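Here the structure is laid out as structure tokens; the discussion comes afterwards.
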Amino acid sequence: MAETPNHHIVILTGELSGEIHGAHLVASIKAKFPSVTFSAMGSRRMAEAGARIIMDYKEISIMGISEVFSRLHHIRRAFSTIKAYLIRTMPSLVVLVDFPGFNLRMAAFARKLGIPVVYFIPPQVWAWKKGRIHKIKKYVDLVISILPFEKKLYDEYGIDNIYIGHPFMDTVKPSVTREEFLDKIGSDGKTPVITIMPGSRENEIRKHIEIMLQVVERMRTSLARAVVVLPLAESIDETVLEPFAKRLGEVRIIRGGAYNALAYCDIAIASSGSATLEAAILGAPTIVIYRISAASYFIARLIVHVDFISLPNIIAEKEVFPEFIQSLDPEKIAEKALLMVQNGKEVVARELHPVIEKLGSHNSYDHARDAIVTLLENRYGPIPETLTIS
């Protein structure tokens, strides 16, 4: 006998890129099944998509291993808040989006309550902490993956999964023309545009912005009139840049607009993360940098088992985007960046073509929606067109 459903889904995200994916998924489900309601650990994007916000993730959105200890109080409080909410509301489904350190523990708790769990954008177990795949097998009912090589891995472990293609193929596109963008940043179109992207978390920005500005200073010896753009993530308060105000100088700081800044730049310098895949899709020649604490790096060297850290290089199985990790020499980075500017965007575009082909077809969010709806209907029966949730 089917259980009595409330057609309420709790979706848990832990940082901006995951929230963006989650918000698109919410919008896709609500467009076809308006009776389904949502609550979320998220922020503005999730609220705009129509989810009730249980709590904001900003206080627990961190990078690195050792960095977790400074936020333990906030993390414990977040666990308690979400657990209490699940007990009180007993949703029909919990959807996890990335953020594995937190979300796998929530998966175990949801399983104890008898709530089915979907992992949308699962942990990168192919890179590190492969043992997590056993927890996924134990606690997760369905994995929805977005990287082309993940399905084989989950199939090998007998985990119910589906590959939907990468959502960026639908969402990553400029919102204005090149002329409109250049006009906005005050460029005449004759001089190079350098885009710097230090990260979507405050601690990432603090670790990367200084080295990026040093690289830009060295590049200016050859590109004196270059226009430098810093698209600031929506989740970041501009006060995080105040300690670097003097060094920022003529850098054009824009709120959002990262896709435009990548699509129309001559070179990008980006911290490792989703921005590197966005850059690949938009054809931006990119230097990848990354720095974490010494303790986190030491541990990572022991447990991470990939040749590259940026997804374009991992998918290409070679270094298309030069990577500089932990030891960040501004002179060497600037030298490589200037060479890429000199070579032109066409060289990188040819290297990126196989990567784009592997990222799959469009309508990824709708494919994810259909998989989730199938799971719900198999467990609870057909979803009604309208339903009032108290």
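Chain labels A, B, ... are given in the sequence in which chains occur in the structure tokens; within each chain residues are numbered consecutively from 1, and ligands are likewise numbered from 1 in the order shown.
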Note to self: Need to verify the contact set: segment 194-210 of chain A, 8 Å, only C-alpha atoms, exclusion of same-chain residues closer than 2 positions in sequence. Can you return it as number ranges by chain?
What the structure shows: A: 15-16, 61-63, 192, 212-214, 226-233, 235-236, 240, 244, 261-262, 265-273, 275, 289-292
Next item on the list: Within 8 Å of segment 119-132 of chain A, counting only C-alpha atoms, which residues show up once you throw out same-chain ones fewer than 4 positions away? Write them as a list in words, please.
Entry: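 With the cut-off at 8 Å, the set is Val95, Leu96, Val97, Asp98, Phe99, Pro100, Ile136, Val140, Leu142, Val143, Ile144, Ser145, Ile146, Glu150, Leu153, Ile303, Val304, His305, Val306 and Ala368 of chain A.
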Writing out the chosen residues with N, CA and C atoms as an mmCIF file, in the first residue's frame:
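That gives us part.cif:
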```cif
data_model
loop_
_atom_site.group_PDB
_atom_site.id
_atom_site.type_symbol
_atom_site.label_atom_id
_atom_site.label_comp_id
_atom_site.auth_asym_id
_atom_site.auth_seq_id
_atom_site.Cartn_x
_atom_site.Cartn_y
_atom_site.Cartn_z
ATOM 1 N N VAL A 95 15.977 16.107 -1.176
ATOM 2 C CA VAL A 95 16.894 16.213 -2.303
ATOM 3 C C VAL A 95 18.167 16.904 -1.828
ATOM 4 N N LEU A 96 19.295 16.236 -1.979
ATOM 5 C CA LEU A 96 20.590 16.783 -1.591
ATOM 6 C C LEU A 96 21.291 17.312 -2.825
ATOM 7 N N VAL A 97 21.918 18.479 -2.702
ATOM 8 C CA VAL A 97 22.670 19.066 -3.809
ATOM 9 C C VAL A 97 24.111 19.281 -3.360
ATOM 10 N N ASP A 98 25.022 18.430 -3.871
ATOM 11 C CA ASP A 98 26.448 18.552 -3.556
ATOM 12 C C ASP A 98 26.661 18.603 -2.036
ATOM 13 N N PHE A 99 27.607 19.423 -1.543
ATOM 14 C CA PHE A 99 27.817 19.703 -0.116
ATOM 15 C C PHE A 99 27.842 18.418 0.720
ATOM 16 N N PRO A 100 28.734 17.468 0.370
ATOM 17 C CA PRO A 100 28.639 16.112 0.913
ATOM 18 C C PRO A 100 28.910 15.962 2.404
ATOM 19 N N ILE A 136 26.503 6.453 0.182
ATOM 20 C CA ILE A 136 25.499 6.764 -0.831
ATOM 21 C C ILE A 136 24.656 5.527 -1.129
ATOM 22 N N VAL A 140 21.001 6.565 0.023
ATOM 23 C CA VAL A 140 20.420 7.347 -1.076
ATOM 24 C C VAL A 140 19.643 6.423 -2.012
ATOM 25 N N LEU A 142 18.311 7.432 -5.079
ATOM 26 C CA LEU A 142 18.601 7.722 -6.482
ATOM 27 C C LEU A 142 19.677 8.789 -6.573
ATOM 28 N N VAL A 143 20.686 8.537 -7.399
ATOM 29 C CA VAL A 143 21.721 9.530 -7.691
ATOM 30 C C VAL A 143 21.455 10.100 -9.075
ATOM 31 N N ILE A 144 21.440 11.433 -9.157
ATOM 32 C CA ILE A 144 21.290 12.123 -10.443
ATOM 33 C C ILE A 144 22.609 12.830 -10.713
ATOM 34 N N SER A 145 23.388 12.303 -11.654
ATOM 35 C CA SER A 145 24.726 12.838 -11.902
ATOM 36 C C SER A 145 24.752 13.708 -13.152
ATOM 37 N N ILE A 146 25.728 14.619 -13.185
ATOM 38 C CA ILE A 146 25.808 15.591 -14.274
ATOM 39 C C ILE A 146 27.141 15.546 -15.007
ATOM 40 N N GLU A 150 30.550 9.671 -14.489
ATOM 41 C CA GLU A 150 30.073 9.223 -13.185
ATOM 42 C C GLU A 150 29.159 8.003 -13.254
ATOM 43 N N LEU A 153 30.699 4.565 -12.739
ATOM 44 C CA LEU A 153 31.119 4.300 -11.365
ATOM 45 C C LEU A 153 29.939 3.849 -10.517
ATOM 46 N N ILE A 303 44.798 12.186 0.050
ATOM 47 C CA ILE A 303 43.523 11.514 -0.234
ATOM 48 C C ILE A 303 42.931 11.834 -1.598
ATOM 49 N N VAL A 304 43.451 12.851 -2.295
ATOM 50 C CA VAL A 304 42.896 13.202 -3.603
ATOM 51 C C VAL A 304 43.641 12.434 -4.688
ATOM 52 N N HIS A 305 42.902 11.819 -5.584
ATOM 53 C CA HIS A 305 43.510 10.933 -6.572
ATOM 54 C C HIS A 305 43.101 11.324 -7.997
ATOM 55 N N VAL A 306 43.402 12.553 -8.376
ATOM 56 C CA VAL A 306 43.156 13.006 -9.746
ATOM 57 C C VAL A 306 44.385 13.757 -10.231
ATOM 58 N N ALA A 368 16.086 15.706 -14.739
ATOM 59 C CA ALA A 368 16.149 15.469 -13.292
ATOM 60 C C ALA A 368 14.744 15.479 -12.693
#
```
Check: Can you list, as a ChimeraX atom specification, every residue of segment 37-278 of chain A that DSSP puts in helix (DSSP H, G or I)?
Finding: /A:44-49,58-60,66-89,100-113,132-139,150-156,168-171,178-185,202-219,238-248,258-263,274-278
Notebook entry, point to check: Got a sec: who's within 6 Å of Ser39 of chain A, counting only C-alpha atoms, leaving out chain neighbours fewer than 3 positions off, as a list in words?
Noted result: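 Once the adjacent positions are removed, what remains is Val10, Ala51, Arg52 and Ile53 of chain A.
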Next item on the list: Between atom CA of Ala78 of chain A and atom CA of Lys137 of chain A, measure the distance and give it in Å to one decimal.
Entry: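 We find that atom CA of Ala78 of chain A and atom CA of Lys137 of chain A lie 24.3 Å from each other.
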Next item on the list: Write out as number ranges by chain which residues come within 6 Å of segment 20-23 of chain A when counting only C-alpha atoms, dropping same-chain ones fewer than 3 positions away.
Entry: A: 17, 26, 46, 49
Dump C-alpha atoms for the selected residues as a tab-separated table (two decimals), in the first residue's frame?
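Now in again.tsv:
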```
chain	number	residue	atom	x	y	z
A	17	SER	CA	26.49	27.13	-7.31
A	26	VAL	CA	12.53	23.56	-8.09
A	46	MET	CA	15.89	29.30	-3.73
A	49	ALA	CA	12.14	29.77	-7.12
```
Taking only residues of segment 60-170 of chain A that have an atom at most 10 Å from an atom of segment 338-362 of chain A, what is each one's shortest atom pair and its distance in Å to one decimal, using only C-alpha atoms, in chain and number order, as JSON lines?
```
{"residue": "A:Ile146", "atom": "CA", "partner": "A:Leu359", "partner_atom": "CA", "distance": 7.9}
{"residue": "A:Leu147", "atom": "CA", "partner": "A:Leu359", "partner_atom": "CA", "distance": 6.8}
{"residue": "A:Pro148", "atom": "CA", "partner": "A:Lys358", "partner_atom": "CA", "distance": 6.3}
{"residue": "A:Phe149", "atom": "CA", "partner": "A:Lys358", "partner_atom": "CA", "distance": 9.1}
{"residue": "A:Tyr163", "atom": "CA", "partner": "A:Gly360", "partner_atom": "CA", "distance": 9.1}
{"residue": "A:Ile164", "atom": "CA", "partner": "A:Gly360", "partner_atom": "CA", "distance": 7.5}
{"residue": "A:Gly165", "atom": "CA", "partner": "A:Gly360", "partner_atom": "CA", "distance": 4.3}
{"residue": "A:His166", "atom": "CA", "partner": "A:Leu359", "partner_atom": "CA", "distance": 5.4}
{"residue": "A:Pro167", "atom": "CA", "partner": "A:His362", "partner_atom": "CA", "distance": 7.2}
{"residue": "A:Phe168", "atom": "CA", "partner": "A:Leu359", "partner_atom": "CA", "distance": 8.6}
{"residue": "A:Met169", "atom": "CA", "partner": "A:His362", "partner_atom": "CA", "distance": 6.0}
{"residue": "A:Asp170", "atom": "CA", "partner": "A:His362", "partner_atom": "CA", "distance": 5.7}
```
Let me see the file: selected residues, N, CA, C and O atoms, as a PDB file, in the first residue's frame.
```pdb
ATOM      1  N   ILE A 146      25.728  14.619 -13.185  1.00  0.00           N
ATOM      2  CA  ILE A 146      25.808  15.591 -14.274  1.00  0.00           C
ATOM      3  C   ILE A 146      27.141  15.546 -15.007  1.00  0.00           C
ATOM      4  O   ILE A 146      27.370  16.343 -15.909  1.00  0.00           O
ATOM      5  N   LEU A 147      28.003  14.601 -14.635  1.00  0.00           N
ATOM      6  CA  LEU A 147      29.297  14.470 -15.300  1.00  0.00           C
ATOM      7  C   LEU A 147      29.335  13.160 -16.077  1.00  0.00           C
ATOM      8  O   LEU A 147      28.869  12.125 -15.587  1.00  0.00           O
ATOM      9  N   PRO A 148      29.910  13.165 -17.268  1.00  0.00           N
ATOM     10  CA  PRO A 148      29.772  12.027 -18.177  1.00  0.00           C
ATOM     11  C   PRO A 148      30.381  10.722 -17.698  1.00  0.00           C
ATOM     12  O   PRO A 148      29.948   9.644 -18.096  1.00  0.00           O
ATOM     13  N   PHE A 149      31.391  10.803 -16.830  1.00  0.00           N
ATOM     14  CA  PHE A 149      32.082   9.584 -16.409  1.00  0.00           C
ATOM     15  C   PHE A 149      31.553   9.013 -15.098  1.00  0.00           C
ATOM     16  O   PHE A 149      32.021   7.974 -14.627  1.00  0.00           O
ATOM     17  N   TYR A 163      22.254   9.643 -15.543  1.00  0.00           N
ATOM     18  CA  TYR A 163      23.084  10.753 -16.025  1.00  0.00           C
ATOM     19  C   TYR A 163      22.201  11.630 -16.897  1.00  0.00           C
ATOM     20  O   TYR A 163      21.572  11.158 -17.837  1.00  0.00           O
ATOM     21  N   ILE A 164      22.157  12.929 -16.587  1.00  0.00           N
ATOM     22  CA  ILE A 164      21.217  13.828 -17.269  1.00  0.00           C
ATOM     23  C   ILE A 164      21.915  14.853 -18.158  1.00  0.00           C
ATOM     24  O   ILE A 164      21.254  15.702 -18.760  1.00  0.00           O
ATOM     25  N   GLY A 165      23.256  14.790 -18.268  1.00  0.00           N
ATOM     26  CA  GLY A 165      23.967  15.864 -18.957  1.00  0.00           C
ATOM     27  C   GLY A 165      24.188  17.017 -17.994  1.00  0.00           C
ATOM     28  O   GLY A 165      23.592  17.074 -16.916  1.00  0.00           O
ATOM     29  N   HIS A 166      25.059  17.928 -18.365  1.00  0.00           N
ATOM     30  CA  HIS A 166      25.376  19.009 -17.429  1.00  0.00           C
ATOM     31  C   HIS A 166      24.422  20.191 -17.602  1.00  0.00           C
ATOM     32  O   HIS A 166      24.237  20.696 -18.719  1.00  0.00           O
ATOM     33  N   PRO A 167      23.789  20.648 -16.500  1.00  0.00           N
ATOM     34  CA  PRO A 167      22.847  21.769 -16.581  1.00  0.00           C
ATOM     35  C   PRO A 167      23.441  23.050 -17.148  1.00  0.00           C
ATOM     36  O   PRO A 167      22.724  23.885 -17.691  1.00  0.00           O
ATOM     37  N   PHE A 168      24.757  23.220 -17.010  1.00  0.00           N
ATOM     38  CA  PHE A 168      25.381  24.428 -17.542  1.00  0.00           C
ATOM     39  C   PHE A 168      25.144  24.579 -19.044  1.00  0.00           C
ATOM     40  O   PHE A 168      25.189  25.695 -19.570  1.00  0.00           O
ATOM     41  N   MET A 169      24.910  23.470 -19.737  1.00  0.00           N
ATOM     42  CA  MET A 169      24.661  23.555 -21.172  1.00  0.00           C
ATOM     43  C   MET A 169      23.388  24.332 -21.478  1.00  0.00           C
ATOM     44  O   MET A 169      23.215  24.854 -22.581  1.00  0.00           O
ATOM     45  N   ASP A 170      22.490  24.417 -20.510  1.00  0.00           N
ATOM     46  CA  ASP A 170      21.264  25.205 -20.660  1.00  0.00           C
ATOM     47  C   ASP A 170      21.409  26.623 -20.122  1.00  0.00           C
ATOM     48  O   ASP A 170      20.851  27.556 -20.683  1.00  0.00           O
TER      49      ASP A 170
END
```
I need the residues of segment 111-209 of chain A that end up classed as strand (DSSP E) by DSSP on the backbone, written out as a compact mmCIF listing (two decimals) with N, CA, C and O atoms, in the first residue's frame.
```txt
# COMPACT_ATOMS: atom_id res chain seq x y z
N VAL A 117 15.54 9.59 -0.32
CA VAL A 117 16.57 10.59 -0.55
C VAL A 117 17.05 10.51 -2.00
O VAL A 117 17.36 9.43 -2.50
N VAL A 118 17.14 11.66 -2.65
CA VAL A 118 17.74 11.79 -3.97
C VAL A 118 18.99 12.65 -3.84
O VAL A 118 18.94 13.70 -3.18
N TYR A 119 20.10 12.21 -4.43
CA TYR A 119 21.30 13.05 -4.46
C TYR A 119 21.44 13.63 -5.86
O TYR A 119 21.76 12.92 -6.81
N PHE A 120 21.14 14.91 -5.99
CA PHE A 120 21.28 15.63 -7.26
C PHE A 120 22.62 16.35 -7.23
O PHE A 120 22.86 17.21 -6.40
N LEU A 142 18.31 7.43 -5.08
CA LEU A 142 18.60 7.72 -6.48
C LEU A 142 19.68 8.79 -6.57
O LEU A 142 19.60 9.82 -5.89
N VAL A 143 20.69 8.54 -7.40
CA VAL A 143 21.72 9.53 -7.69
C VAL A 143 21.46 10.10 -9.07
O VAL A 143 21.26 9.36 -10.04
N ILE A 144 21.44 11.43 -9.16
CA ILE A 144 21.29 12.12 -10.44
C ILE A 144 22.61 12.83 -10.71
O ILE A 144 22.94 13.83 -10.07
N SER A 145 23.39 12.30 -11.65
CA SER A 145 24.73 12.84 -11.90
C SER A 145 24.75 13.71 -13.15
O SER A 145 23.93 13.55 -14.06
N ASN A 161 20.99 5.10 -10.48
CA ASN A 161 21.46 6.43 -10.87
C ASN A 161 21.03 6.73 -12.30
O ASN A 161 20.67 5.85 -13.07
N ILE A 162 21.10 8.02 -12.62
CA ILE A 162 20.80 8.49 -13.97
C ILE A 162 21.75 9.63 -14.31
O ILE A 162 22.05 10.47 -13.45
N TYR A 163 22.25 9.64 -15.54
CA TYR A 163 23.08 10.75 -16.03
C TYR A 163 22.20 11.63 -16.90
O TYR A 163 21.57 11.16 -17.84
N VAL A 193 40.55 42.34 -22.38
CA VAL A 193 39.74 42.30 -21.16
C VAL A 193 40.22 41.12 -20.33
O VAL A 193 40.28 39.99 -20.81
N ILE A 194 40.58 41.40 -19.08
CA ILE A 194 41.03 40.37 -18.14
C ILE A 194 39.93 40.20 -17.09
O ILE A 194 39.55 41.16 -16.42
N THR A 195 39.42 39.00 -16.94
CA THR A 195 38.40 38.72 -15.92
C THR A 195 39.04 37.93 -14.79
O THR A 195 39.69 36.91 -15.04
N ILE A 196 38.87 38.41 -13.56
CA ILE A 196 39.37 37.68 -12.40
C ILE A 196 38.19 37.21 -11.56
O ILE A 196 37.25 37.96 -11.30
N MET A 197 38.25 35.94 -11.15
CA MET A 197 37.16 35.33 -10.39
C MET A 197 37.75 34.60 -9.20
O MET A 197 38.11 33.43 -9.29
```
Next item on the list: Could you tell me which of A:Met219, A:Leu113, A:Ile254, A:Leu311 comes closest to Arg88 of chain A if we count only C-alpha atoms?
Entry: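 Ranking A:Met219, A:Leu113, A:Ile254, A:Leu311 by distance to Arg88 of chain A, first place goes to A:Leu113.
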Check: Excluding same-chain residues fewer than 5 positions from Glu323 of chain A, what lies within 8 Å of it counting only C-alpha atoms, as a list in words?
Finding: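 Those residues are Ile287, Val288, Ile289, Phe308, Ile309 and Ser310 of chain A.
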Selection to disk with N, CA and C atoms, as a short mmCIF file (atom, residue, chain, number, x, y, z; two decimals), in the first residue's frame:
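Output below, filename again19.cif:
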```
data_model
loop_
_atom_site.label_atom_id
_atom_site.label_comp_id
_atom_site.auth_asym_id
_atom_site.auth_seq_id
_atom_site.Cartn_x
_atom_site.Cartn_y
_atom_site.Cartn_z
N ILE A 287 43.22 30.64 -16.74
CA ILE A 287 44.23 30.15 -15.81
C ILE A 287 43.50 29.76 -14.53
N VAL A 288 43.74 28.56 -14.03
CA VAL A 288 43.09 28.09 -12.81
C VAL A 288 44.08 28.17 -11.66
N ILE A 289 43.66 28.81 -10.56
CA ILE A 289 44.50 28.85 -9.37
C ILE A 289 43.69 28.34 -8.18
N PHE A 308 44.26 16.39 -12.25
CA PHE A 308 43.92 17.81 -12.36
C PHE A 308 42.83 18.13 -11.35
N ILE A 309 42.64 19.42 -11.07
CA ILE A 309 41.57 19.79 -10.14
C ILE A 309 40.42 20.51 -10.83
N SER A 310 40.62 21.04 -12.04
CA SER A 310 39.53 21.73 -12.73
C SER A 310 38.79 20.75 -13.63
#
```
Item checked: Nearest residue to Ser80 of chain A from the set A:Lys152, A:Lys58, A:Arg105, A:Lys184 (distances using only C-alpha atoms) -> A:Arg105
Notebook entry, point to check: How many Å separate atom CA of Gly256 of chain A from atom CA of Pro322 of chain A?
Noted result: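 A separation of 24.9 Å between them.
Between atom CA of Ile9 of chain A and atom CA of Leu93 of chain A there is a distance of 4.9 Å.
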Checklist line | Residue neighbourhood Leu282 of chain A, 9 Å, only C-alpha atoms, exclusion window fewer than 3 positions, as a ChimeraX atom specification | finding: /A:172-174,259-260,262-264,277-279
Next item on the list: Counting only C-alpha atoms, figure out which residue out of A:Ile211, A:Ile281, A:Ile372, A:Met106 gets nearest to Ile325 of chain A.
Entry: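 The shortest atom-to-atom distance to Ile325 of chain A comes from A:Ile211.
The list of residues with at least one atom within 10 Å of Leu376 of chain A, based on only C-alpha atoms and without residues fewer than 5 positions apart in the same chain, reads Pro5, His7, Ser92, Leu93, Pro116, Asp370, Ala371, Gly381, Pro382 and Ile383 of chain A.
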How would the residues just chosen look if you wrote them out with N, CA, C and O atoms as a CSV table (one decimal), in the first residue's frame?
```csv
chain,number,residue,atom,x,y,z
A,5,PRO,N,1.2,10.6,1.1
A,5,PRO,CA,2.2,11.7,0.8
A,5,PRO,C,1.7,13.1,1.1
A,5,PRO,O,0.5,13.3,1.2
A,7,HIS,N,3.5,15.5,-0.6
A,7,HIS,CA,4.1,16.1,-1.8
A,7,HIS,C,4.9,17.3,-1.5
A,7,HIS,O,4.8,18.3,-2.2
A,92,SER,N,7.9,14.3,1.8
A,92,SER,CA,7.8,13.1,0.9
A,92,SER,C,9.2,12.7,0.4
A,92,SER,O,9.4,11.6,0.0
A,93,LEU,N,10.1,13.7,0.3
A,93,LEU,CA,11.4,13.5,-0.3
A,93,LEU,C,12.4,14.5,0.2
A,93,LEU,O,12.0,15.7,0.5
A,116,PRO,N,12.5,9.0,1.7
A,116,PRO,CA,13.4,8.7,0.5
A,116,PRO,C,14.4,9.9,0.2
A,116,PRO,O,14.0,11.1,0.5
A,370,ASP,N,11.9,14.7,-14.1
A,370,ASP,CA,11.2,13.5,-14.5
A,370,ASP,C,11.6,12.3,-13.7
A,370,ASP,O,10.8,11.4,-13.3
A,371,ALA,N,12.9,12.2,-13.4
A,371,ALA,CA,13.4,11.1,-12.6
A,371,ALA,C,12.9,11.2,-11.2
A,371,ALA,O,12.5,10.2,-10.5
A,381,GLY,N,2.2,7.0,-5.5
A,381,GLY,CA,1.1,7.1,-6.5
A,381,GLY,C,1.1,8.4,-7.2
A,381,GLY,O,2.0,9.3,-7.0
A,382,PRO,N,0.2,8.6,-8.2
A,382,PRO,CA,0.2,9.8,-9.0
A,382,PRO,C,0.2,11.1,-8.2
A,382,PRO,O,-0.5,11.2,-7.2
A,383,ILE,N,0.9,12.1,-8.7
A,383,ILE,CA,0.8,13.4,-8.1
A,383,ILE,C,-0.4,14.2,-8.6
A,383,ILE,O,-0.5,14.4,-9.8
```
Note to self: My list of candidates is A:Ile159, A:Ala337, A:Ala258, A:Leu104. Which is closest to Arg218 of chain A when distances are computed with only C-alpha atoms?
What the structure shows: A:Ala337
